[in-house]
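Raw query-v1.cif, mmCIF, C-alpha atoms (C1' of nucleotides):
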```cif
data_data
loop_
_atom_site.label_atom_id
_atom_site.label_comp_id
_atom_site.auth_asym_id
_atom_site.auth_seq_id
_atom_site.Cartn_x
_atom_site.Cartn_y
_atom_site.Cartn_z
CA MET J 226 13.44 -22.44 -9.69
CA ALA J 227 9.93 -22.80 -10.99
CA GLU J 228 9.98 -19.86 -13.35
CA GLY J 229 6.79 -20.80 -15.10
CA ARG J 230 4.08 -20.54 -12.52
CA GLY J 231 5.14 -18.60 -9.46
CA THR J 232 6.66 -15.70 -11.37
CA ALA J 233 3.59 -13.49 -11.11
CA GLU J 234 3.35 -13.90 -7.35
CA ALA J 235 7.06 -13.34 -6.94
CA VAL J 236 6.88 -10.12 -8.92
CA ASP J 237 3.86 -9.08 -6.93
CA SER J 238 5.57 -9.54 -3.58
CA ILE J 239 8.66 -7.71 -4.79
CA LEU J 240 6.71 -4.74 -6.12
CA VAL J 241 4.71 -4.52 -2.92
CA ALA J 242 7.93 -4.70 -0.92
CA LEU J 243 9.57 -1.95 -2.95
CA ALA J 244 6.53 0.32 -2.83
CA ASP J 245 7.25 1.34 0.76
CA PRO J 246 9.81 4.13 1.19
CA THR J 247 11.00 2.89 4.58
CA ARG J 248 11.76 -0.50 3.08
CA ARG J 249 13.70 1.06 0.22
CA GLN J 250 15.70 3.08 2.72
CA LEU J 251 16.34 -0.13 4.61
CA LEU J 252 17.66 -1.74 1.45
CA ASP J 253 19.91 1.25 0.85
CA LEU J 254 21.35 1.00 4.33
CA LEU J 255 21.89 -2.73 3.96
CA ALA J 256 23.55 -2.33 0.59
CA ALA J 257 25.85 0.34 2.01
CA GLN J 258 26.84 -1.64 5.08
CA GLY J 259 26.87 -5.14 3.68
CA GLU J 260 25.44 -6.61 6.83
CA ALA J 261 23.39 -5.25 9.69
CA THR J 262 20.98 -6.24 12.46
CA ALA J 263 17.47 -4.93 12.99
CA THR J 264 18.64 -3.08 16.08
CA THR J 265 21.46 -1.33 14.27
CA LEU J 266 19.22 -0.40 11.38
CA ALA J 267 16.53 0.96 13.68
CA GLU J 268 19.07 3.38 15.18
CA GLN J 269 19.54 4.90 11.74
CA LEU J 270 15.83 5.30 11.07
CA PRO J 271 12.98 7.23 12.68
CA VAL J 272 11.14 4.03 13.59
CA THR J 273 11.19 1.32 16.22
CA ARG J 274 13.18 -1.89 15.98
CA GLN J 275 9.91 -3.79 15.76
CA ALA J 276 8.87 -1.84 12.70
CA VAL J 277 12.24 -2.64 11.14
CA VAL J 278 11.82 -6.31 11.96
CA LYS J 279 8.47 -6.40 10.21
CA HIS J 280 9.86 -4.64 7.16
CA LEU J 281 12.76 -7.07 7.03
CA ALA J 282 10.28 -9.94 7.17
CA VAL J 283 8.47 -8.53 4.15
CA LEU J 284 11.73 -8.04 2.28
CA ASN J 285 12.82 -11.53 3.20
CA ALA J 286 9.57 -13.03 1.96
CA ALA J 287 10.10 -11.18 -1.32
CA GLY J 288 13.61 -12.61 -1.59
CA LEU J 289 15.25 -9.20 -1.50
CA VAL J 290 17.07 -9.92 1.75
CA THR J 291 18.54 -12.84 3.67
CA GLY J 292 18.81 -13.23 7.37
CA GLY J 293 21.42 -15.27 9.18
CA ARG J 294 21.79 -15.84 12.89
CA ILE J 295 25.16 -15.30 14.52
CA GLY J 296 25.07 -15.89 18.22
CA ARG J 297 22.33 -13.80 19.71
CA GLU J 298 22.00 -11.47 16.78
CA VAL J 299 20.46 -11.82 13.33
CA ARG J 300 22.39 -10.27 10.48
CA TYR J 301 20.64 -9.31 7.28
CA ALA J 302 22.14 -8.78 3.87
CA VAL J 303 20.86 -7.64 0.52
CA ARG J 304 20.15 -10.13 -2.25
CA PRO J 305 20.48 -8.77 -5.79
CA ALA J 306 19.10 -11.77 -7.72
CA ALA J 307 15.42 -11.12 -7.05
CA LEU J 308 15.74 -7.45 -7.90
CA ASP J 309 17.58 -8.23 -11.10
CA ALA J 310 14.92 -10.71 -12.15
CA THR J 311 12.22 -8.12 -11.56
CA ALA J 312 14.15 -5.56 -13.58
CA ARG J 313 14.26 -8.00 -16.48
CA TRP J 314 10.56 -8.77 -16.12
CA MET J 315 9.81 -5.08 -16.24
CA ALA J 316 12.01 -4.43 -19.25
CA ALA J 317 10.35 -7.30 -21.08
CA LEU J 318 6.94 -5.86 -20.28
CA ALA J 319 7.94 -2.44 -21.58
CA ALA J 320 9.22 -4.04 -24.77
CA GLU J 321 5.94 -5.91 -25.14
CA TRP J 322 3.97 -2.69 -24.82
CA ASP J 323 6.18 -1.05 -27.39
CA ARG J 324 5.61 -3.93 -29.77
CA ARG J 325 1.86 -3.74 -29.42
CA LEU J 326 1.74 -0.01 -29.82
CA ALA J 327 3.85 -0.30 -32.97
CA ASN J 328 1.49 -2.94 -34.34
CA ILE J 329 -1.54 -0.80 -33.66
CA LYS J 330 0.02 2.24 -35.23
CA HIS J 331 0.98 0.20 -38.25
CA ALA J 332 -2.51 -1.19 -38.60
CA ALA J 333 -3.97 2.28 -38.33
CA GLU J 334 -1.74 3.58 -41.08
CA ALA J 335 -2.64 0.68 -43.31
CA ALA J 336 -6.32 1.36 -42.74
CA GLU J 337 -5.72 5.00 -43.57
CA ARG J 338 -4.07 4.06 -46.85
CA ASP J 339 -6.93 1.72 -47.73
CA ALA J 340 -9.44 4.43 -47.05
CA ARG J 341 -7.99 6.68 -49.71
CA MET A 43 23.74 11.23 -13.92
CA ALA A 44 21.62 13.32 -16.26
CA GLU A 45 18.59 11.73 -14.71
CA GLY A 46 17.71 14.93 -12.95
CA ARG A 47 16.53 15.53 -9.44
CA GLY A 48 13.02 14.16 -9.48
CA THR A 49 14.06 10.62 -10.34
CA ALA A 50 13.49 9.28 -6.85
CA GLU A 51 9.97 10.60 -6.66
CA ALA A 52 9.17 9.35 -10.14
CA VAL A 53 10.39 5.88 -9.25
CA ASP A 54 8.42 6.03 -6.05
CA SER A 55 5.16 6.87 -7.79
CA ILE A 56 5.73 4.16 -10.37
CA LEU A 57 6.49 1.48 -7.81
CA VAL A 58 3.45 2.47 -5.78
CA ALA A 59 1.34 2.39 -8.93
CA LEU A 60 2.60 -1.06 -9.92
CA ALA A 61 2.17 -2.50 -6.45
CA ASP A 62 -1.59 -2.81 -6.85
CA PRO A 63 -2.80 -5.93 -8.71
CA THR A 64 -5.89 -4.21 -10.10
CA ARG A 65 -3.72 -1.52 -11.64
CA ARG A 66 -1.43 -4.09 -13.21
CA GLN A 67 -4.47 -5.83 -14.66
CA LEU A 68 -5.64 -2.50 -15.98
CA LEU A 69 -2.29 -2.01 -17.69
CA ASP A 70 -2.53 -5.47 -19.21
CA LEU A 71 -5.96 -4.72 -20.62
CA LEU A 72 -4.81 -1.40 -22.00
CA ALA A 73 -1.73 -2.93 -23.56
CA ALA A 74 -3.86 -5.62 -25.17
CA GLN A 75 -6.48 -3.24 -26.55
CA GLY A 76 -4.31 -0.27 -27.41
CA GLU A 77 -6.95 2.19 -26.29
CA ALA A 78 -9.91 2.00 -23.94
CA THR A 79 -12.20 4.12 -21.78
CA ALA A 80 -12.75 3.79 -18.06
CA THR A 81 -16.27 2.52 -18.69
CA THR A 82 -15.10 -0.19 -21.07
CA LEU A 83 -12.34 -1.28 -18.73
CA ALA A 84 -14.69 -1.42 -15.76
CA GLU A 85 -16.87 -3.91 -17.65
CA GLN A 86 -13.91 -6.27 -17.81
CA LEU A 87 -13.08 -6.00 -14.13
CA PRO A 88 -14.86 -6.82 -10.89
CA VAL A 89 -14.90 -3.18 -9.81
CA THR A 90 -16.84 0.00 -10.44
CA ARG A 91 -16.04 2.54 -13.11
CA GLN A 92 -15.18 5.00 -10.34
CA ALA A 93 -12.57 2.66 -8.95
CA VAL A 94 -11.10 2.31 -12.44
CA VAL A 95 -11.05 6.08 -12.83
CA LYS A 96 -9.09 6.46 -9.62
CA HIS A 97 -6.62 3.78 -10.66
CA LEU A 98 -6.17 5.44 -14.03
CA ALA A 99 -5.49 8.72 -12.26
CA VAL A 100 -2.74 7.07 -10.24
CA LEU A 101 -1.27 5.45 -13.34
CA ASN A 102 -1.45 8.73 -15.18
CA ALA A 103 0.32 10.57 -12.36
CA ALA A 104 3.05 7.95 -12.53
CA GLY A 105 3.38 8.48 -16.29
CA LEU A 106 2.42 4.92 -17.10
CA VAL A 107 -0.69 5.93 -18.99
CA THR A 108 -2.00 8.83 -21.06
CA GLY A 109 -5.56 10.01 -21.35
CA GLY A 110 -7.03 11.82 -24.34
CA ARG A 111 -10.53 13.14 -24.77
CA ILE A 112 -12.48 12.28 -27.90
CA GLY A 113 -15.93 13.76 -27.85
CA ARG A 114 -17.60 12.72 -24.67
CA GLU A 115 -15.29 9.88 -23.88
CA VAL A 116 -11.75 9.74 -22.53
CA ARG A 117 -9.47 7.17 -24.09
CA TYR A 118 -6.46 5.89 -22.25
CA ALA A 119 -3.37 4.23 -23.64
CA VAL A 120 -0.28 2.64 -22.18
CA ARG A 121 3.03 4.50 -22.10
CA PRO A 122 6.14 2.31 -22.14
CA ALA A 123 8.78 4.98 -21.53
CA ALA A 124 8.25 5.36 -17.79
CA LEU A 125 8.22 1.61 -17.26
CA ASP A 126 11.37 1.17 -19.28
CA ALA A 127 13.14 3.88 -17.30
CA THR A 128 12.17 2.18 -14.05
CA ALA A 129 13.41 -1.16 -15.34
CA ARG A 130 16.77 0.42 -16.06
CA TRP A 131 16.85 2.08 -12.65
CA MET A 132 16.18 -1.27 -11.02
CA ALA A 133 18.79 -3.10 -13.05
CA ALA A 134 21.35 -0.44 -12.13
CA LEU A 135 20.46 -0.81 -8.49
CA ALA A 136 20.88 -4.59 -8.64
CA ALA A 137 24.26 -4.13 -10.29
CA GLU A 138 25.26 -1.69 -7.57
CA TRP A 139 24.35 -4.20 -4.88
CA ASP A 140 26.33 -6.87 -6.66
CA ARG A 141 29.35 -4.58 -6.82
CA ARG A 142 29.19 -3.80 -3.13
CA LEU A 143 28.74 -7.40 -2.13
CA ALA A 144 31.73 -8.35 -4.26
CA ASN A 145 33.82 -5.65 -2.61
CA ILE A 146 32.86 -6.78 0.84
CA LYS A 147 33.57 -10.38 0.06
CA HIS A 148 36.94 -9.41 -1.35
CA ALA A 149 37.79 -7.36 1.72
CA ALA A 150 36.79 -10.23 3.99
CA GLU A 151 39.04 -12.63 2.14
CA ALA A 152 41.94 -10.22 2.32
CA ALA A 153 41.41 -9.85 6.07
CA GLU A 154 41.31 -13.60 6.37
CA ARG A 155 44.63 -13.91 4.58
CA ASP A 156 46.16 -11.24 6.77
CA ALA A 157 45.00 -13.04 9.88
CA ARG A 158 46.95 -16.18 9.02
"C1'" DG W 71 25.61 -16.18 38.79
"C1'" DT W 72 24.12 -11.44 37.27
"C1'" DG W 73 23.55 -7.55 34.56
"C1'" DA W 74 23.65 -5.97 29.79
"C1'" DT W 75 22.37 -6.57 25.18
"C1'" DG W 76 19.60 -8.53 21.40
"C1'" DT W 77 15.55 -10.99 19.67
"C1'" DG W 78 10.68 -12.78 19.61
"C1'" DC W 79 5.77 -12.48 20.51
"C1'" DA W 80 1.09 -10.14 21.43
"C1'" DA W 81 -2.10 -6.90 21.52
"C1'" DG W 82 -3.39 -2.44 20.25
"C1'" DT W 83 -3.80 2.24 17.67
"C1'" DC W 84 -4.63 4.82 13.64
"C1'" DT W 85 -4.08 6.63 9.02
"C1'" DG W 86 -4.33 5.79 3.93
"C1'" DG W 87 -6.17 4.02 0.12
"C1'" DG W 88 -9.29 0.81 -2.42
"C1'" DG W 89 -14.04 0.54 -3.12
"C1'" DT W 90 -18.90 2.06 -3.28
"C1'" DT W 91 -23.19 4.92 -4.00
"C1'" DG W 92 -25.64 8.97 -5.64
"C1'" DC W 93 -26.20 12.71 -8.38
"C1'" DA W 94 -25.00 16.62 -11.60
"C1'" DC W 95 -23.10 17.74 -16.02
"C1'" DA W 96 -21.66 17.09 -20.92
"C1'" DT W 97 -22.18 14.98 -25.39
"C1'" DC W 98 -24.15 12.19 -29.03
"C1'" DC W 99 -28.06 10.62 -31.89
"C1'" DA W 100 -32.85 10.05 -33.67
"C1'" DT K 211 -35.89 18.45 -28.35
"C1'" DG K 212 -35.38 14.65 -25.49
"C1'" DG K 213 -33.55 10.26 -24.12
"C1'" DA K 214 -29.35 7.53 -23.97
"C1'" DT K 215 -24.64 7.19 -22.95
"C1'" DG K 216 -20.24 8.65 -20.79
"C1'" DT K 217 -17.65 11.68 -17.22
"C1'" DG K 218 -16.86 14.27 -13.08
"C1'" DC K 219 -17.42 15.29 -8.20
"C1'" DA K 220 -18.30 14.35 -3.23
"C1'" DA K 221 -19.27 11.99 0.71
"C1'" DC K 222 -18.86 7.79 2.81
"C1'" DC K 223 -17.46 2.80 4.40
"C1'" DC K 224 -13.95 -0.39 5.55
"C1'" DC K 225 -9.85 -2.81 6.36
"C1'" DA K 226 -4.88 -3.92 5.49
"C1'" DG K 227 -0.67 -2.55 7.06
"C1'" DA K 228 2.68 0.68 9.25
"C1'" DC K 229 4.01 1.66 13.86
"C1'" DT K 230 3.94 1.43 18.84
"C1'" DT K 231 4.32 -0.34 23.67
"C1'" DG K 232 5.21 -3.96 26.99
"C1'" DC K 233 7.13 -8.01 28.36
"C1'" DA K 234 9.29 -12.73 28.11
"C1'" DC K 235 13.20 -15.32 26.45
"C1'" DA K 236 17.99 -16.16 24.82
"C1'" DT K 237 22.83 -15.03 24.76
"C1'" DC K 238 27.17 -12.78 25.90
"C1'" DA K 239 30.75 -10.70 29.10
"C1'" DC K 240 32.44 -10.10 33.52
#
```
Go ahead and express the file in the form of structure tokens.
Amino acid sequence: MAEGRGTAEAVDSILVALADPTRRQLLDLLAAQGEATATTLAEQLPVTRQAVVKHLAVLNAAGLVTGGRIGREVRYAVRPAALDATARWMAALAAEWDRRLANIKHAAEAAERDAR
Amino acid sequence: MAEGRGTAEAVDSILVALADPTRRQLLDLLAAQGEATATTLAEQLPVTRQAVVKHLAVLNAAGLVTGGRIGREVRYAVRPAALDATARWMAALAAEWDRRLANIKHAAEAAERDAR
DNA sequence: GTGATGTGCAAGTCTGGGGTTGCACATCCA
DNA sequence: TGGATGTGCAACCCCAGACTTGCACATCAC
């Protein structure tokens, strides 16, 4: 997939998707049950089926979930790849920050030595 | 896990903090400059200093940023630890999903064999 | 067919949070 | 001492999005 350009937007949609507690709960339920429909999931949550459907749409757009139709029902399942990619992105970012902070600290110490 | 009890809330605040594009931009700027004040950062963004202050408060509450006072100005710096911890949390979650999906797939195949 | 179950679509409500403006207060510097 | 610069606080505007209700449409089971 086009790693180069769309990465930022992908990360954005995933972070936005994960920021909502109801959606995270939804992901937990899906991960625990393997597959489930919006109706089933709504029964396990304090919200309407419609709310669940909307959340699933957001999660689907972020690539965190897939939906497949079987007869008259739509079964959703969790999708680890997108989450894993985001985890790596985040770890890389943390490493980058560390690097820069180390550089700055190093430069500061050098300046201190020069000043003496 | 030794992660303690407040892990969920910490992750929540971090995800919420990262979900906003302006805040991510703020983190980028801070990481690039090592240290900066709200006023300086506001000059590099299309928003008011007050907006930046609020964002920095959110980032600070999430542990992604630290603020130190030097004279009359408050200098902020990035803080990689929280981000790194979240990255690990996310990677672990992805792995967990993978495990469960593998189990389910395995069980399905076994059932299929039994059915023959 | 007919009722039961599951999904899709539309319009509507309402709270939270991102953003602003205005002013008071603290600190530096000449 | 006084002006310039940087923060802090408070009230306010505004809209995206989380959630609901109501109904039409599709599918299954009998």
Quick one: chain J onto chain A, least squares on all Cα paired in order, result as a CSV table (one decimal) with C-alpha atoms, in the coordinates of the input?
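Full text of selection-v6.csv as output:
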```csv
chain,number,residue,atom,x,y,z
J,226,MET,CA,13.8,15.7,-18.7
J,227,ALA,CA,15.4,16.5,-15.4
J,228,GLU,CA,17.0,13.1,-14.7
J,229,GLY,CA,19.1,14.4,-11.8
J,230,ARG,CA,16.7,15.4,-9.1
J,231,GLY,CA,13.2,14.1,-9.7
J,232,THR,CA,14.3,10.5,-10.4
J,233,ALA,CA,13.7,9.2,-6.9
J,234,GLU,CA,10.2,10.6,-6.8
J,235,ALA,CA,9.4,9.3,-10.2
J,236,VAL,CA,10.6,5.8,-9.3
J,237,ASP,CA,8.6,6.0,-6.1
J,238,SER,CA,5.4,6.9,-7.8
J,239,ILE,CA,5.9,4.2,-10.4
J,240,LEU,CA,6.6,1.5,-7.8
J,241,VAL,CA,3.6,2.5,-5.7
J,242,ALA,CA,1.5,2.5,-8.9
J,243,LEU,CA,2.7,-1.0,-9.8
J,244,ALA,CA,2.2,-2.4,-6.3
J,245,ASP,CA,-1.5,-2.6,-6.7
J,246,PRO,CA,-2.8,-5.8,-8.5
J,247,THR,CA,-5.9,-4.0,-10.0
J,248,ARG,CA,-3.7,-1.4,-11.5
J,249,ARG,CA,-1.4,-4.0,-13.1
J,250,GLN,CA,-4.4,-5.8,-14.5
J,251,LEU,CA,-5.5,-2.5,-15.9
J,252,LEU,CA,-2.2,-2.0,-17.6
J,253,ASP,CA,-2.5,-5.5,-19.0
J,254,LEU,CA,-5.9,-4.8,-20.5
J,255,LEU,CA,-4.7,-1.5,-21.9
J,256,ALA,CA,-1.6,-3.1,-23.4
J,257,ALA,CA,-3.8,-5.8,-25.0
J,258,GLN,CA,-6.3,-3.4,-26.4
J,259,GLY,CA,-4.2,-0.5,-27.3
J,260,GLU,CA,-6.8,2.0,-26.3
J,261,ALA,CA,-9.7,1.9,-23.9
J,262,THR,CA,-12.0,4.1,-21.8
J,263,ALA,CA,-12.6,3.9,-18.1
J,264,THR,CA,-16.1,2.6,-18.7
J,265,THR,CA,-15.0,-0.2,-21.1
J,266,LEU,CA,-12.2,-1.2,-18.7
J,267,ALA,CA,-14.6,-1.3,-15.7
J,268,GLU,CA,-16.8,-3.8,-17.6
J,269,GLN,CA,-13.9,-6.2,-17.7
J,270,LEU,CA,-13.1,-5.9,-14.0
J,271,PRO,CA,-14.9,-6.6,-10.8
J,272,VAL,CA,-14.9,-2.9,-9.7
J,273,THR,CA,-16.8,0.3,-10.4
J,274,ARG,CA,-15.9,2.7,-13.2
J,275,GLN,CA,-15.0,5.2,-10.5
J,276,ALA,CA,-12.5,2.9,-9.0
J,277,VAL,CA,-11.0,2.5,-12.5
J,278,VAL,CA,-10.9,6.2,-13.0
J,279,LYS,CA,-8.9,6.7,-9.7
J,280,HIS,CA,-6.5,3.9,-10.7
J,281,LEU,CA,-6.0,5.5,-14.1
J,282,ALA,CA,-5.3,8.8,-12.4
J,283,VAL,CA,-2.6,7.2,-10.3
J,284,LEU,CA,-1.1,5.5,-13.4
J,285,ASN,CA,-1.2,8.7,-15.3
J,286,ALA,CA,0.6,10.6,-12.5
J,287,ALA,CA,3.3,7.9,-12.6
J,288,GLY,CA,3.6,8.4,-16.3
J,289,LEU,CA,2.6,4.8,-17.1
J,290,VAL,CA,-0.5,5.9,-19.0
J,291,THR,CA,-1.8,8.7,-21.1
J,292,GLY,CA,-5.3,9.9,-21.5
J,293,GLY,CA,-6.7,11.7,-24.5
J,294,ARG,CA,-10.2,13.1,-25.0
J,295,ILE,CA,-12.1,12.2,-28.1
J,296,GLY,CA,-15.6,13.7,-28.1
J,297,ARG,CA,-17.3,12.7,-24.9
J,298,GLU,CA,-15.0,9.9,-24.1
J,299,VAL,CA,-11.5,9.7,-22.7
J,300,ARG,CA,-9.2,7.1,-24.2
J,301,TYR,CA,-6.2,5.8,-22.3
J,302,ALA,CA,-3.2,4.1,-23.6
J,303,VAL,CA,-0.1,2.5,-22.1
J,304,ARG,CA,3.2,4.3,-22.1
J,305,PRO,CA,6.3,2.1,-22.1
J,306,ALA,CA,9.0,4.8,-21.5
J,307,ALA,CA,8.4,5.2,-17.8
J,308,LEU,CA,8.4,1.5,-17.2
J,309,ASP,CA,11.5,1.0,-19.2
J,310,ALA,CA,13.3,3.7,-17.2
J,311,THR,CA,12.3,2.0,-14.0
J,312,ALA,CA,13.5,-1.3,-15.2
J,313,ARG,CA,16.9,0.2,-16.0
J,314,TRP,CA,17.0,1.9,-12.6
J,315,MET,CA,16.3,-1.4,-10.9
J,316,ALA,CA,18.9,-3.3,-12.9
J,317,ALA,CA,21.5,-0.7,-12.0
J,318,LEU,CA,20.6,-1.0,-8.4
J,319,ALA,CA,21.0,-4.8,-8.5
J,320,ALA,CA,24.3,-4.4,-10.2
J,321,GLU,CA,25.4,-1.9,-7.5
J,322,TRP,CA,24.4,-4.4,-4.7
J,323,ASP,CA,26.4,-7.1,-6.5
J,324,ARG,CA,29.4,-4.8,-6.7
J,325,ARG,CA,29.3,-4.1,-3.0
J,326,LEU,CA,28.8,-7.6,-2.0
J,327,ALA,CA,31.8,-8.6,-4.1
J,328,ASN,CA,33.9,-5.9,-2.5
J,329,ILE,CA,32.9,-7.1,1.0
J,330,LYS,CA,33.6,-10.7,0.2
J,331,HIS,CA,37.0,-9.7,-1.2
J,332,ALA,CA,37.9,-7.7,1.8
J,333,ALA,CA,36.9,-10.5,4.1
J,334,GLU,CA,39.1,-13.0,2.2
J,335,ALA,CA,42.0,-10.6,2.3
J,336,ALA,CA,41.5,-10.2,6.1
J,337,GLU,CA,41.4,-14.0,6.4
J,338,ARG,CA,44.7,-14.3,4.5
J,339,ASP,CA,46.3,-11.6,6.7
J,340,ALA,CA,45.2,-13.4,9.8
J,341,ARG,CA,47.1,-16.5,8.9
```
Can you check which parts of chain A lie within 9 Å of chain K? Per residue, the shortest pair of atoms and distance in Å to one decimal, counting all atoms listed in the file, sorted by chain and number, as CSV.
```
residue,atom,partner,partner_atom,distance
A:Thr81,CA,K:DG216,C1',7.6
A:Arg114,CA,K:DG216,C1',6.2
A:Glu115,CA,K:DG216,C1',6.0
A:Val116,CA,K:DT217,C1',8.2
```
* To do: At a cut-off of 10 Å, list the chain W residues touching chain J, using all atoms listed in the file, as a list in words.
  =>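 Going by the stated atoms only, the list reads DT75, DG76, DT77 and DG78 of chain W.
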* Asked: What residues in chain A lie within 8 Å of chain J, counting only C-alpha atoms, written as a list of chain:residue names?
  -> A:Asp54, A:Leu57, A:Val58, A:Leu60, A:Ala61, A:Asp62, A:Pro63, A:Ala73, A:Ala74, A:Gly76, A:Val120, A:Arg121, A:Pro122, A:Ala123, A:Leu125, A:Asp126, A:Thr128, A:Ala129, A:Arg130, A:Met132, A:Ala133, A:Ala136, A:Ala137, A:Trp139, A:Asp140, A:Arg142, A:Leu143, A:Ile146
* Asked: How far is it from CA of His97 (chain A) to CA of Thr232 (chain J), in Å with one decimal?
  ->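 Going from CA of His97 (chain A) over to CA of Thr232 (chain J) covers 23.6 Å.
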* Asked: Written as a PyMOL selection string, which residues does the PyMOL selection byres ((chain W and resi 88-95) around 7) give for the file shown?
  -> (chain A and resi 93) or (chain W and resi 87+96)
* Asked: What is the CA of Leu289 (chain J)-CA of Val107 (chain A) distance in Å, reported with one decimal?
  -> 28.1 Å
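Of note, C1' of DA81 (chain W) and CA of Thr265 (chain J) are spaced 25.3 Å apart.
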Quick one: chain W with C-alpha atoms (C1' of nucleotides), as a PDB file, in the first residue's frame?
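The result, written out as part36.pdb:
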```
ATOM      1  C1'  DG W  71     -47.796 -15.744   2.389  1.00  0.00           C
ATOM      2  C1'  DT W  72     -46.932 -13.708   7.079  1.00  0.00           C
ATOM      3  C1'  DG W  73     -44.725 -12.545  11.156  1.00  0.00           C
ATOM      4  C1'  DA W  74     -40.170 -12.076  13.227  1.00  0.00           C
ATOM      5  C1'  DT W  75     -35.631 -10.465  12.979  1.00  0.00           C
ATOM      6  C1'  DG W  76     -31.887  -7.566  11.159  1.00  0.00           C
ATOM      7  C1'  DT W  77     -30.212  -3.615   8.491  1.00  0.00           C
ATOM      8  C1'  DG W  78     -30.326   1.056   6.238  1.00  0.00           C
ATOM      9  C1'  DC W  79     -31.628   5.870   5.947  1.00  0.00           C
ATOM     10  C1'  DA W  80     -33.159  10.647   7.697  1.00  0.00           C
ATOM     11  C1'  DA W  81     -33.865  14.102  10.577  1.00  0.00           C
ATOM     12  C1'  DG W  82     -33.202  15.900  14.992  1.00  0.00           C
ATOM     13  C1'  DT W  83     -31.206  16.963  19.846  1.00  0.00           C
ATOM     14  C1'  DC W  84     -27.559  18.377  22.738  1.00  0.00           C
ATOM     15  C1'  DT W  85     -23.142  18.399  25.064  1.00  0.00           C
ATOM     16  C1'  DG W  86     -18.028  19.023  24.730  1.00  0.00           C
ATOM     17  C1'  DG W  87     -14.193  21.017  23.191  1.00  0.00           C
ATOM     18  C1'  DG W  88     -11.562  24.043  19.972  1.00  0.00           C
ATOM     19  C1'  DG W  89     -11.203  28.787  19.293  1.00  0.00           C
ATOM     20  C1'  DT W  90     -11.588  33.764  20.329  1.00  0.00           C
ATOM     21  C1'  DT W  91     -11.531  38.342  22.796  1.00  0.00           C
ATOM     22  C1'  DG W  92     -10.547  41.292  26.736  1.00  0.00           C
ATOM     23  C1'  DC W  93      -8.293  42.424  30.665  1.00  0.00           C
ATOM     24  C1'  DA W  94      -5.453  41.872  34.990  1.00  0.00           C
ATOM     25  C1'  DC W  95      -1.048  40.481  36.742  1.00  0.00           C
ATOM     26  C1'  DA W  96       3.993  39.419  36.753  1.00  0.00           C
ATOM     27  C1'  DT W  97       8.611  40.136  35.074  1.00  0.00           C
ATOM     28  C1'  DC W  98      12.378  42.151  32.501  1.00  0.00           C
ATOM     29  C1'  DC W  99      15.088  46.144  30.853  1.00  0.00           C
ATOM     30  C1'  DA W 100      16.540  50.991  29.989  1.00  0.00           C
TER      31       DA W 100
END
```
